[in-house]
file coords.csv (CSV, C-alpha atoms and all ligand atoms)
chain,number,residue,atom,x,y,z
A,1,MET,CA,2.3,9.4,7.9
A,2,CYS,CA,3.2,10.1,4.3
A,3,GLY,CA,2.3,9.5,0.7
A,4,ILE,CA,0.4,6.7,-0.9
A,5,VAL,CA,-0.5,6.3,-4.6
A,6,GLY,CA,-2.1,3.3,-6.2
A,7,TYR,CA,-3.3,2.6,-9.8
A,8,ILE,CA,-5.3,-0.1,-11.6
A,9,GLY,CA,-6.0,0.1,-15.3
A,10,PRO,CA,-4.6,-0.6,-18.8
A,11,ARG,CA,-1.6,1.7,-18.4
A,12,ASP,CA,1.8,1.0,-16.8
A,13,ALA,CA,1.4,2.0,-13.2
A,14,THR,CA,5.0,2.9,-12.7
A,15,PRO,CA,5.2,6.5,-14.1
A,16,ILE,CA,1.7,7.3,-12.7
A,17,ILE,CA,2.8,6.3,-9.2
A,18,LEU,CA,6.2,8.0,-9.3
A,19,ASN,CA,4.6,11.1,-10.6
A,20,GLY,CA,1.9,11.0,-8.0
A,21,LEU,CA,4.4,10.5,-5.2
A,22,HIS,CA,6.4,13.4,-6.5
A,23,ARG,CA,3.3,15.6,-6.1
A,24,LEU,CA,3.1,14.5,-2.4
A,25,GLU,CA,6.8,15.3,-1.7
A,26,TYR,CA,5.8,18.5,0.1
A,27,ARG,CA,4.7,16.4,3.0
A,28,GLY,CA,8.3,15.2,3.8
A,29,TYR,CA,9.5,11.6,3.8
A,30,ASP,CA,12.7,9.6,4.4
A,31,SER,CA,12.4,6.8,1.8
A,32,ALA,CA,10.2,5.6,-1.0
A,33,GLY,CA,9.1,2.5,-2.8
A,34,ILE,CA,6.9,1.1,-5.5
A,35,ALA,CA,5.5,-2.3,-6.4
A,36,VAL,CA,3.7,-3.4,-9.6
A,37,VAL,CA,2.3,-6.7,-10.8
A,38,GLN,CA,4.5,-7.6,-13.8
A,39,ASP,CA,3.9,-10.8,-15.7
A,40,GLY,CA,1.9,-12.2,-12.8
A,41,LYS,CA,4.6,-11.4,-10.2
A,42,ILE,CA,5.0,-8.6,-7.7
A,43,GLU,CA,8.1,-6.5,-8.5
A,44,VAL,CA,9.3,-4.1,-5.8
A,45,ARG,CA,11.8,-1.3,-5.9
A,46,ARG,CA,12.7,0.7,-2.8
A,47,ALA,CA,15.3,3.3,-1.9
A,48,ALA,CA,16.3,5.4,1.1
A,49,GLY,CA,16.3,9.1,0.8
A,50,LYS,CA,14.9,11.2,-2.0
A,51,LEU,CA,12.3,10.1,-4.5
A,52,SER,CA,14.9,10.7,-7.2
A,53,ASN,CA,16.9,7.8,-5.7
A,54,LEU,CA,13.9,5.6,-6.3
A,55,SER,CA,13.4,7.0,-9.9
A,56,ASP,CA,17.1,6.3,-10.6
A,57,LEU,CA,16.8,2.8,-9.3
A,58,VAL,CA,13.7,2.2,-11.5
A,59,ALA,CA,15.6,3.6,-14.4
A,60,LYS,CA,18.4,1.1,-13.8
A,61,GLN,CA,16.2,-1.8,-13.0
A,62,PRO,CA,12.9,-1.1,-14.9
A,63,ILE,CA,9.6,-2.4,-13.9
A,64,SER,CA,6.2,-2.1,-15.6
A,65,GLY,CA,2.7,-3.3,-15.1
A,66,ALA,CA,-0.5,-2.8,-13.1
A,67,PRO,CA,-2.0,-2.8,-10.6
A,68,GLY,CA,0.7,-0.9,-8.7
A,69,VAL,CA,1.2,0.9,-5.5
A,70,GLY,CA,3.8,3.4,-4.2
A,71,HIS,CA,4.7,5.0,-0.9
A,72,THR,CA,6.8,7.7,0.6
A,73,ARG,CA,7.7,6.8,4.2
A,74,TRP,CA,8.0,8.8,7.3
A,75,ALA,CA,9.6,6.2,9.6
A,76,THR,CA,8.0,5.6,13.0
A,77,HIS,CA,9.3,2.0,13.6
A,78,GLY,CA,12.6,0.9,12.1
A,79,ALA,CA,15.3,3.1,10.6
A,80,PRO,CA,14.8,5.0,7.4
A,81,SER,CA,16.4,2.5,5.0
A,82,ALA,CA,15.6,0.7,1.8
A,83,ARG,CA,14.9,-2.5,3.8
A,84,ASN,CA,12.2,-0.7,5.9
A,85,ALA,CA,10.8,1.3,3.0
A,86,HIS,CA,7.3,0.3,1.8
A,87,PRO,CA,5.9,-1.6,0.0
A,88,HIS,CA,6.4,-4.7,2.1
A,89,THR,CA,5.7,-8.2,0.8
A,90,GLY,CA,4.8,-11.2,2.8
A,91,SER,CA,6.5,-14.6,2.9
A,92,THR,CA,4.8,-15.8,-0.3
A,93,GLU,CA,5.8,-12.6,-2.2
A,94,ARG,CA,2.2,-12.7,-3.5
A,95,VAL,CA,0.8,-9.9,-1.3
A,96,VAL,CA,2.2,-6.4,-0.9
A,97,VAL,CA,1.2,-3.5,1.4
A,98,VAL,CA,1.8,0.2,1.8
A,99,HIS,CA,0.7,1.8,5.0
A,100,ASN,CA,0.4,5.2,6.7
A,101,GLY,CA,0.1,5.2,10.4
A,102,ILE,CA,1.2,3.1,13.3
A,103,VAL,CA,0.1,-0.5,14.2
A,104,GLU,CA,-0.1,0.1,17.9
A,105,ASN,CA,-0.3,-3.6,18.8
A,106,PHE,CA,2.4,-4.7,16.3
A,107,LEU,CA,4.7,-6.2,19.0
A,108,GLU,CA,2.0,-8.6,20.2
A,109,LEU,CA,1.0,-9.5,16.6
A,110,LYS,CA,4.6,-9.9,15.6
A,111,GLU,CA,5.3,-12.3,18.5
A,112,GLU,CA,2.2,-14.3,17.5
A,113,LEU,CA,3.3,-14.5,13.9
A,114,THR,CA,6.9,-15.3,14.7
A,115,ALA,CA,5.8,-18.1,17.0
A,116,ALA,CA,3.8,-19.5,14.0
A,117,GLY,CA,7.0,-19.5,11.9
A,118,VAL,CA,6.8,-16.2,10.1
A,119,VAL,CA,10.2,-14.6,9.3
A,120,PHE,CA,10.1,-10.8,9.3
A,121,LYS,CA,12.2,-9.0,6.6
A,122,SER,CA,11.9,-5.5,8.1
A,123,ASP,CA,11.8,-3.7,11.4
A,124,THR,CA,8.6,-1.9,10.7
A,125,ASP,CA,5.2,-2.2,12.4
A,126,THR,CA,3.7,-2.3,8.9
A,127,GLU,CA,5.0,-5.7,8.0
A,128,VAL,CA,2.6,-7.5,10.4
A,129,ILE,CA,-0.3,-6.4,8.2
A,130,VAL,CA,0.9,-8.3,5.1
A,131,HIS,CA,1.6,-11.4,7.1
A,132,LEU,CA,-1.9,-11.3,8.7
A,133,VAL,CA,-3.4,-11.0,5.2
A,134,GLU,CA,-1.3,-13.9,3.9
A,135,ARG,CA,-2.2,-16.0,6.9
A,136,ASN,CA,-5.9,-15.5,6.2
A,137,MET,CA,-5.5,-16.1,2.5
A,138,ALA,CA,-3.7,-19.4,3.3
A,139,THR,CA,-7.0,-20.6,4.8
A,140,GLY,CA,-8.7,-20.1,1.5
A,141,LEU,CA,-10.1,-16.6,1.9
A,142,ASP,CA,-9.9,-14.1,-1.0
A,143,LEU,CA,-7.8,-10.9,-0.6
A,144,THR,CA,-10.8,-8.8,0.3
A,145,GLU,CA,-12.0,-11.0,3.2
A,146,ALA,CA,-8.4,-11.7,4.3
A,147,ALA,CA,-7.8,-8.0,4.4
A,148,ARG,CA,-11.1,-7.3,6.2
A,149,ARG,CA,-10.1,-9.7,9.0
A,150,ALA,CA,-6.6,-8.3,9.3
A,151,PHE,CA,-8.0,-4.7,9.5
A,152,ARG,CA,-10.1,-5.8,12.5
A,153,LEU,CA,-7.0,-7.0,14.4
A,154,ILE,CA,-4.8,-3.9,14.1
A,155,GLN,CA,-5.0,-1.1,16.5
A,156,GLY,CA,-4.2,2.6,15.8
A,157,ALA,CA,-4.9,4.9,12.9
A,158,HIS,CA,-4.2,3.8,9.3
A,159,GLY,CA,-4.3,4.3,5.6
A,160,ILE,CA,-3.6,1.0,3.9
A,161,VAL,CA,-3.5,-0.3,0.3
A,162,LEU,CA,-2.9,-4.0,-0.6
A,163,ILE,CA,-2.3,-5.8,-3.8
A,164,SER,CA,-2.0,-9.5,-4.5
A,165,SER,CA,-0.6,-11.1,-7.6
A,166,ALA,CA,-3.1,-13.9,-7.0
A,167,GLU,CA,-5.9,-11.4,-7.7
A,168,PRO,CA,-4.4,-8.7,-10.0
A,169,ASP,CA,-7.9,-7.4,-10.9
A,170,LYS,CA,-8.1,-5.3,-7.7
A,171,LEU,CA,-6.6,-3.1,-5.0
A,172,VAL,CA,-8.0,-3.2,-1.5
A,173,CYS,CA,-7.7,-0.2,0.6
A,174,ALA,CA,-8.9,1.0,4.0
A,175,ARG,CA,-8.9,4.0,6.3
A,176,ILE,CA,-9.0,3.6,10.0
A,177,GLY,CA,-8.9,6.7,12.1
A,178,ASN,CA,-7.0,9.7,10.8
A,179,ALA,CA,-3.6,8.7,9.4
A,180,GLY,CA,-3.7,11.1,6.5
A,181,GLY,CA,-6.7,10.0,4.6
A,182,VAL,CA,-7.5,7.7,1.7
A,183,VAL,CA,-8.9,9.2,-1.6
A,184,ILE,CA,-10.2,7.1,-4.5
A,185,GLY,CA,-10.0,8.8,-7.9
A,186,LEU,CA,-12.4,7.6,-10.6
A,187,GLY,CA,-11.2,7.4,-14.2
A,188,GLU,CA,-12.5,5.8,-17.4
A,189,GLY,CA,-11.6,2.1,-17.3
A,190,GLU,CA,-8.9,2.9,-14.7
A,191,ASN,CA,-9.0,4.0,-11.0
A,192,PHE,CA,-6.6,5.6,-8.6
A,193,ILE,CA,-5.9,5.6,-4.8
A,194,ALA,CA,-4.0,8.3,-3.0
A,195,SER,CA,-3.4,9.6,0.5
A,196,ASP,CA,-4.2,13.1,-0.8
A,197,ILE,CA,-5.8,14.7,-3.8
A,198,PRO,CA,-2.7,16.4,-5.5
A,199,ALA,CA,-1.3,12.9,-6.3
A,200,ILE,CA,-4.2,12.1,-8.7
A,201,LEU,CA,-5.6,15.5,-9.8
A,202,GLU,CA,-3.9,15.4,-13.2
A,203,HIS,CA,-5.9,12.2,-14.0
A,204,THR,CA,-9.4,12.9,-12.5
A,205,ARG,CA,-11.4,15.3,-10.5
A,206,ARG,CA,-14.0,12.7,-9.5
A,207,VAL,CA,-13.0,11.4,-6.1
A,208,ILE,CA,-14.4,9.5,-3.1
A,209,PHE,CA,-13.0,10.1,0.3
A,210,LEU,CA,-13.1,7.1,2.6
A,211,GLU,CA,-14.5,7.7,6.1
A,212,SER,CA,-12.8,6.2,9.1
A,213,ARG,CA,-13.5,2.4,9.3
A,214,GLN,CA,-14.4,2.2,5.6
A,215,MET,CA,-12.6,-0.1,3.2
A,216,ALA,CA,-12.8,-0.3,-0.6
A,217,VAL,CA,-12.2,-2.8,-3.4
A,218,VAL,CA,-11.0,-0.9,-6.4
A,219,THR,CA,-11.1,-2.6,-9.8
A,220,ARG,CA,-10.6,-1.1,-13.4
A,221,ALA,CA,-14.4,-1.0,-13.7
A,222,GLY,CA,-15.5,0.4,-10.4
A,223,VAL,CA,-15.2,0.9,-6.7
A,224,HIS,CA,-17.0,-1.0,-3.9
A,225,VAL,CA,-17.0,0.8,-0.6
A,226,GLU,CA,-18.1,-0.7,2.7
A,227,THR,CA,-18.1,0.4,6.3
B,1,LIG,N1,4.7,3.1,10.8
B,1,LIG,C1,5.0,2.8,9.5
B,1,LIG,C2,6.6,2.7,9.3
B,1,LIG,O1,7.3,3.2,10.2
B,1,LIG,C3,4.5,3.8,8.5
B,1,LIG,C4,5.1,5.1,8.5
B,1,LIG,C5,4.4,6.1,7.6
B,1,LIG,O2,3.2,6.5,7.9
B,1,LIG,O3,5.0,6.6,6.6
B,1,LIG,O4,7.1,2.2,8.4
call {"tool": "encode", "arguments": {"input": "coords.csv", "output": "structure tokens", "more": "lines below"}}
Ligand code: GLU
result
Amino acid sequence: MCGIVGYIGPRDATPIILNGLHRLEYRGYDSAGIAVVQDGKIEVRRAAGKLSNLSDLVAKQPISGAPGVGHTRWATHGAPSARNAHPHTGSTERVVVVHNGIVENFLELKEELTAAGVVFKSDTDTEVIVHLVERNMATGLDLTEAARRAFRLIQGAHGIVLISSAEPDKLVCARIGNAGGVVIGLGEGENFIASDIPAILEHTRRVIFLESRQMAVVTRAGVHVET
């Protein structure tokens, strides 16, 4: 269970997220990653080891845009490597997830998805979440409803943030049980998500803590929370 930072607003999410993750470093982690929507596409950068490895990678292969989401991982399923670092994209590369916690029924879900033709790109439990969301979106559901239905299927405790390049006007997040918490920071024309307050304190002191089994749709203009 490690760090999550998300951003939506007019600024480039990249430095806000890298900075926010840096403020959560005290929690310990083994790898890190970031995804932003850049020119309508999801761009992902991931690196094993220290956050400075990720910053170096982003310096060499720059990304910019918003919304964006970042993660520092404490591996539970799959080795601590760049390939297993979050964020994880699905098959369409149009949805991306970061996740704290453990999908306890991931094997069963992975078998079901694999039987339906899904090819997994990591060894994590987390990756099933993004494929479930994509499968729901393929039936015509929007990101929010697709996510809501996916959240119902996964067992265990979770903090989750999702972005889709098909709906770049929002981030969808959820807290289920206690996997480190989900905090939404309220700005002016911009909003933040984090697994813990220090990540966003420099931007705002107005925060909403999600309760277990709540999800939120976060846009530039506001936050809609539901249980
Ligand atoms: N279970 C997930 C993984 O191993 C999330 C780990 C975490 O909470 O950082 O990738």
call {"tool": "closest_residue", "arguments": {"input": "coords.csv", "among": "A:Ala75, A:Ala146, A:Ile184, A:Ala35", "to": "ligand LIG 1 (chain B)", "atoms": "all atoms listed in the file"}}
result
A:Ala75
call {"tool": "atom_distance", "arguments": {"input": "coords.csv", "atom1": "CA of Trp74 in chain A", "atom2": "CA of Arg27 in chain A"}}
result
9.3 Å
call {"tool": "closest_atom_pairs", "arguments": {"input": "coords.csv", "of": "chain A", "to": "ligand LIG 1 (chain B)", "cutoff": "7 Å", "atoms": "all atoms listed in the file", "output": "Markdown table"}}
result
| residue | atom | partner | partner_atom | distance |
| --- | --- | --- | --- | --- |
| A:Met1 | CA | B:LIG1 | O2 | 3.0 |
| A:Cys2 | CA | B:LIG1 | O3 | 4.6 |
| A:Thr72 | CA | B:LIG1 | O3 | 6.4 |
| A:Arg73 | CA | B:LIG1 | O3 | 3.6 |
| A:Trp74 | CA | B:LIG1 | O3 | 3.8 |
| A:Ala75 | CA | B:LIG1 | O1 | 3.8 |
| A:Thr76 | CA | B:LIG1 | O1 | 3.8 |
| A:His77 | CA | B:LIG1 | O1 | 4.1 |
| A:Gly78 | CA | B:LIG1 | O1 | 6.1 |
| A:Asn84 | CA | B:LIG1 | O4 | 6.4 |
| A:Ala85 | CA | B:LIG1 | O4 | 6.6 |
| A:His86 | CA | B:LIG1 | O4 | 6.9 |
| A:His99 | CA | B:LIG1 | C3 | 5.5 |
| A:Asn100 | CA | B:LIG1 | O2 | 3.3 |
| A:Gly101 | CA | B:LIG1 | O2 | 4.2 |
| A:Ile102 | CA | B:LIG1 | N1 | 4.3 |
| A:Val103 | CA | B:LIG1 | N1 | 6.8 |
| A:Thr124 | CA | B:LIG1 | O4 | 4.9 |
| A:Asp125 | CA | B:LIG1 | N1 | 5.6 |
| A:Thr126 | CA | B:LIG1 | C1 | 5.3 |
call {"tool": "atom_distance", "arguments": {"input": "coords.csv", "atom1": "CA of Asp56 in chain A", "atom2": "CA of Lys41 in chain A"}}
result
21.7 Å
call {"tool": "closest_residue", "arguments": {"input": "coords.csv", "among": "A:Arg11, A:Arg206, A:Lys170, A:His158", "to": "Val218 in chain A", "atoms": "all atoms listed in the file"}}
result
A:Lys170
call {"tool": "closest_residue", "arguments": {"input": "coords.csv", "among": "A:Thr89, A:Ala116, A:Leu153, A:Glu111", "to": "Glu134 in chain A", "atoms": "only C-alpha atoms"}}
result
A:Thr89
call {"tool": "atom_distance", "arguments": {"input": "coords.csv", "atom1": "CA of Glu190 in chain A", "atom2": "CA of His224 in chain A"}}
result
14.1 Å
call {"tool": "closest_residue", "arguments": {"input": "coords.csv", "among": "A:Glu104, A:Asp123, A:Glu188, A:Glu93", "to": "Gly156 in chain A", "atoms": "all atoms listed in the file"}}
result
A:Glu104
call {"tool": "closest_residue", "arguments": {"input": "coords.csv", "among": "A:Ile17, A:Ala66, A:Ile129, A:Ala194", "to": "Thr219 in chain A", "atoms": "all atoms listed in the file"}}
result
A:Ala66
call {"tool": "residues_around", "arguments": {"input": "coords.csv", "residues": "Ala82 in chain A", "least_positions_apart": "6", "cutoff": "7 Å", "atoms": "only C-alpha atoms", "output": "list in words"}}
result
Ser31, Arg46, Ala47 and Ala48 of chain A
call {"tool": "decode", "arguments": {"input": "coords.csv", "residues": "range 62-75 of chain A", "atoms": "all heavy atoms", "output": "PDB file, in the first residue's frame"}}
result
ATOM      1  N   PRO A  62      10.250  13.341 -21.949  1.00  0.00           N
ATOM      2  CA  PRO A  62       9.280  14.204 -21.270  1.00  0.00           C
ATOM      3  C   PRO A  62       7.826  13.911 -21.654  1.00  0.00           C
ATOM      4  O   PRO A  62       7.554  13.476 -22.772  1.00  0.00           O
ATOM      5  CB  PRO A  62       9.665  15.609 -21.748  1.00  0.00           C
ATOM      6  CG  PRO A  62      11.004  15.495 -22.353  1.00  0.00           C
ATOM      7  CD  PRO A  62      11.154  14.087 -22.828  1.00  0.00           C
ATOM      8  N   ILE A  63       6.954  14.133 -20.696  1.00  0.00           N
ATOM      9  CA  ILE A  63       5.518  14.074 -20.932  1.00  0.00           C
ATOM     10  C   ILE A  63       4.912  15.313 -20.290  1.00  0.00           C
ATOM     11  O   ILE A  63       5.479  15.869 -19.345  1.00  0.00           O
ATOM     12  CB  ILE A  63       4.857  12.814 -20.320  1.00  0.00           C
ATOM     13  CG1 ILE A  63       5.278  12.611 -18.845  1.00  0.00           C
ATOM     14  CG2 ILE A  63       5.186  11.583 -21.141  1.00  0.00           C
ATOM     15  CD1 ILE A  63       4.502  11.502 -18.147  1.00  0.00           C
ATOM     16  N   SER A  64       3.766  15.732 -20.805  1.00  0.00           N
ATOM     17  CA  SER A  64       3.049  16.818 -20.137  1.00  0.00           C
ATOM     18  C   SER A  64       1.588  16.726 -20.519  1.00  0.00           C
ATOM     19  O   SER A  64       1.237  16.251 -21.603  1.00  0.00           O
ATOM     20  CB  SER A  64       3.619  18.176 -20.504  1.00  0.00           C
ATOM     21  OG  SER A  64       3.282  18.491 -21.826  1.00  0.00           O
ATOM     22  N   GLY A  65       0.749  17.175 -19.605  1.00  0.00           N
ATOM     23  CA  GLY A  65      -0.684  17.150 -19.852  1.00  0.00           C
ATOM     24  C   GLY A  65      -1.457  16.929 -18.572  1.00  0.00           C
ATOM     25  O   GLY A  65      -0.884  16.834 -17.498  1.00  0.00           O
ATOM     26  N   ALA A  66      -2.767  16.859 -18.730  1.00  0.00           N
ATOM     27  CA  ALA A  66      -3.668  16.599 -17.611  1.00  0.00           C
ATOM     28  C   ALA A  66      -4.979  16.070 -18.198  1.00  0.00           C
ATOM     29  O   ALA A  66      -5.295  16.398 -19.341  1.00  0.00           O
ATOM     30  CB  ALA A  66      -3.924  17.871 -16.800  1.00  0.00           C
ATOM     31  N   PRO A  67      -5.725  15.255 -17.464  1.00  0.00           N
ATOM     32  CA  PRO A  67      -5.410  14.833 -16.105  1.00  0.00           C
ATOM     33  C   PRO A  67      -4.223  13.874 -16.078  1.00  0.00           C
ATOM     34  O   PRO A  67      -3.755  13.408 -17.114  1.00  0.00           O
ATOM     35  CB  PRO A  67      -6.702  14.136 -15.669  1.00  0.00           C
ATOM     36  CG  PRO A  67      -7.303  13.604 -16.928  1.00  0.00           C
ATOM     37  CD  PRO A  67      -6.965  14.636 -17.987  1.00  0.00           C
ATOM     38  N   GLY A  68      -3.764  13.617 -14.853  1.00  0.00           N
ATOM     39  CA  GLY A  68      -2.658  12.695 -14.686  1.00  0.00           C
ATOM     40  C   GLY A  68      -2.755  11.988 -13.353  1.00  0.00           C
ATOM     41  O   GLY A  68      -3.479  12.427 -12.448  1.00  0.00           O
ATOM     42  N   VAL A  69      -2.020  10.882 -13.266  1.00  0.00           N
ATOM     43  CA  VAL A  69      -2.020  10.114 -12.023  1.00  0.00           C
ATOM     44  C   VAL A  69      -0.658   9.454 -11.840  1.00  0.00           C
ATOM     45  O   VAL A  69      -0.002   9.100 -12.828  1.00  0.00           O
ATOM     46  CB  VAL A  69      -3.191   9.095 -12.055  1.00  0.00           C
ATOM     47  CG1 VAL A  69      -2.930   7.966 -13.021  1.00  0.00           C
ATOM     48  CG2 VAL A  69      -3.504   8.580 -10.695  1.00  0.00           C
ATOM     49  N   GLY A  70      -0.223   9.353 -10.605  1.00  0.00           N
ATOM     50  CA  GLY A  70       1.070   8.729 -10.328  1.00  0.00           C
ATOM     51  C   GLY A  70       0.978   7.796  -9.137  1.00  0.00           C
ATOM     52  O   GLY A  70       0.021   7.842  -8.359  1.00  0.00           O
ATOM     53  N   HIS A  71       2.001   6.958  -8.993  1.00  0.00           N
ATOM     54  CA  HIS A  71       1.939   5.909  -7.966  1.00  0.00           C
ATOM     55  C   HIS A  71       3.342   5.519  -7.532  1.00  0.00           C
ATOM     56  O   HIS A  71       4.252   5.440  -8.349  1.00  0.00           O
ATOM     57  CB  HIS A  71       1.245   4.687  -8.581  1.00  0.00           C
ATOM     58  CG  HIS A  71       0.950   3.563  -7.634  1.00  0.00           C
ATOM     59  ND1 HIS A  71       1.753   2.443  -7.537  1.00  0.00           N
ATOM     60  CD2 HIS A  71      -0.068   3.367  -6.769  1.00  0.00           C
ATOM     61  CE1 HIS A  71       1.215   1.605  -6.645  1.00  0.00           C
ATOM     62  NE2 HIS A  71       0.120   2.138  -6.161  1.00  0.00           N
ATOM     63  N   THR A  72       3.512   5.287  -6.256  1.00  0.00           N
ATOM     64  CA  THR A  72       4.696   4.582  -5.777  1.00  0.00           C
ATOM     65  C   THR A  72       4.199   3.234  -5.262  1.00  0.00           C
ATOM     66  O   THR A  72       3.236   3.172  -4.512  1.00  0.00           O
ATOM     67  CB  THR A  72       5.418   5.350  -4.653  1.00  0.00           C
ATOM     68  OG1 THR A  72       4.455   5.856  -3.724  1.00  0.00           O
ATOM     69  CG2 THR A  72       6.237   6.501  -5.217  1.00  0.00           C
ATOM     70  N   ARG A  73       4.857   2.179  -5.712  1.00  0.00           N
ATOM     71  CA  ARG A  73       4.329   0.821  -5.480  1.00  0.00           C
ATOM     72  C   ARG A  73       5.092   0.078  -4.391  1.00  0.00           C
ATOM     73  O   ARG A  73       6.317   0.162  -4.314  1.00  0.00           O
ATOM     74  CB  ARG A  73       4.429   0.034  -6.790  1.00  0.00           C
ATOM     75  CG  ARG A  73       4.034  -1.424  -6.681  1.00  0.00           C
ATOM     76  CD  ARG A  73       4.050  -2.102  -8.037  1.00  0.00           C
ATOM     77  NE  ARG A  73       3.534  -3.446  -7.948  1.00  0.00           N
ATOM     78  CZ  ARG A  73       4.218  -4.548  -8.282  1.00  0.00           C
ATOM     79  NH1 ARG A  73       5.450  -4.450  -8.736  1.00  0.00           N
ATOM     80  NH2 ARG A  73       3.680  -5.726  -8.139  1.00  0.00           N
ATOM     81  N   TRP A  74       4.358  -0.651  -3.616  1.00  0.00           N
ATOM     82  CA  TRP A  74       4.921  -1.611  -2.675  1.00  0.00           C
ATOM     83  C   TRP A  74       4.384  -2.958  -3.142  1.00  0.00           C
ATOM     84  O   TRP A  74       3.233  -3.281  -2.891  1.00  0.00           O
ATOM     85  CB  TRP A  74       4.475  -1.287  -1.252  1.00  0.00           C
ATOM     86  CG  TRP A  74       5.193  -2.094  -0.221  1.00  0.00           C
ATOM     87  CD1 TRP A  74       4.819  -3.307   0.276  1.00  0.00           C
ATOM     88  CD2 TRP A  74       6.427  -1.761   0.420  1.00  0.00           C
ATOM     89  NE1 TRP A  74       5.747  -3.742   1.189  1.00  0.00           N
ATOM     90  CE2 TRP A  74       6.737  -2.811   1.302  1.00  0.00           C
ATOM     91  CE3 TRP A  74       7.301  -0.666   0.341  1.00  0.00           C
ATOM     92  CZ2 TRP A  74       7.878  -2.817   2.092  1.00  0.00           C
ATOM     93  CZ3 TRP A  74       8.435  -0.668   1.136  1.00  0.00           C
ATOM     94  CH2 TRP A  74       8.718  -1.738   2.000  1.00  0.00           C
ATOM     95  N   ALA A  75       5.213  -3.693  -3.888  1.00  0.00           N
ATOM     96  CA  ALA A  75       4.739  -4.877  -4.607  1.00  0.00           C
ATOM     97  C   ALA A  75       4.150  -5.928  -3.679  1.00  0.00           C
ATOM     98  O   ALA A  75       4.758  -6.287  -2.675  1.00  0.00           O
ATOM     99  CB  ALA A  75       5.894  -5.490  -5.393  1.00  0.00           C
TER     100      ALA A  75
END
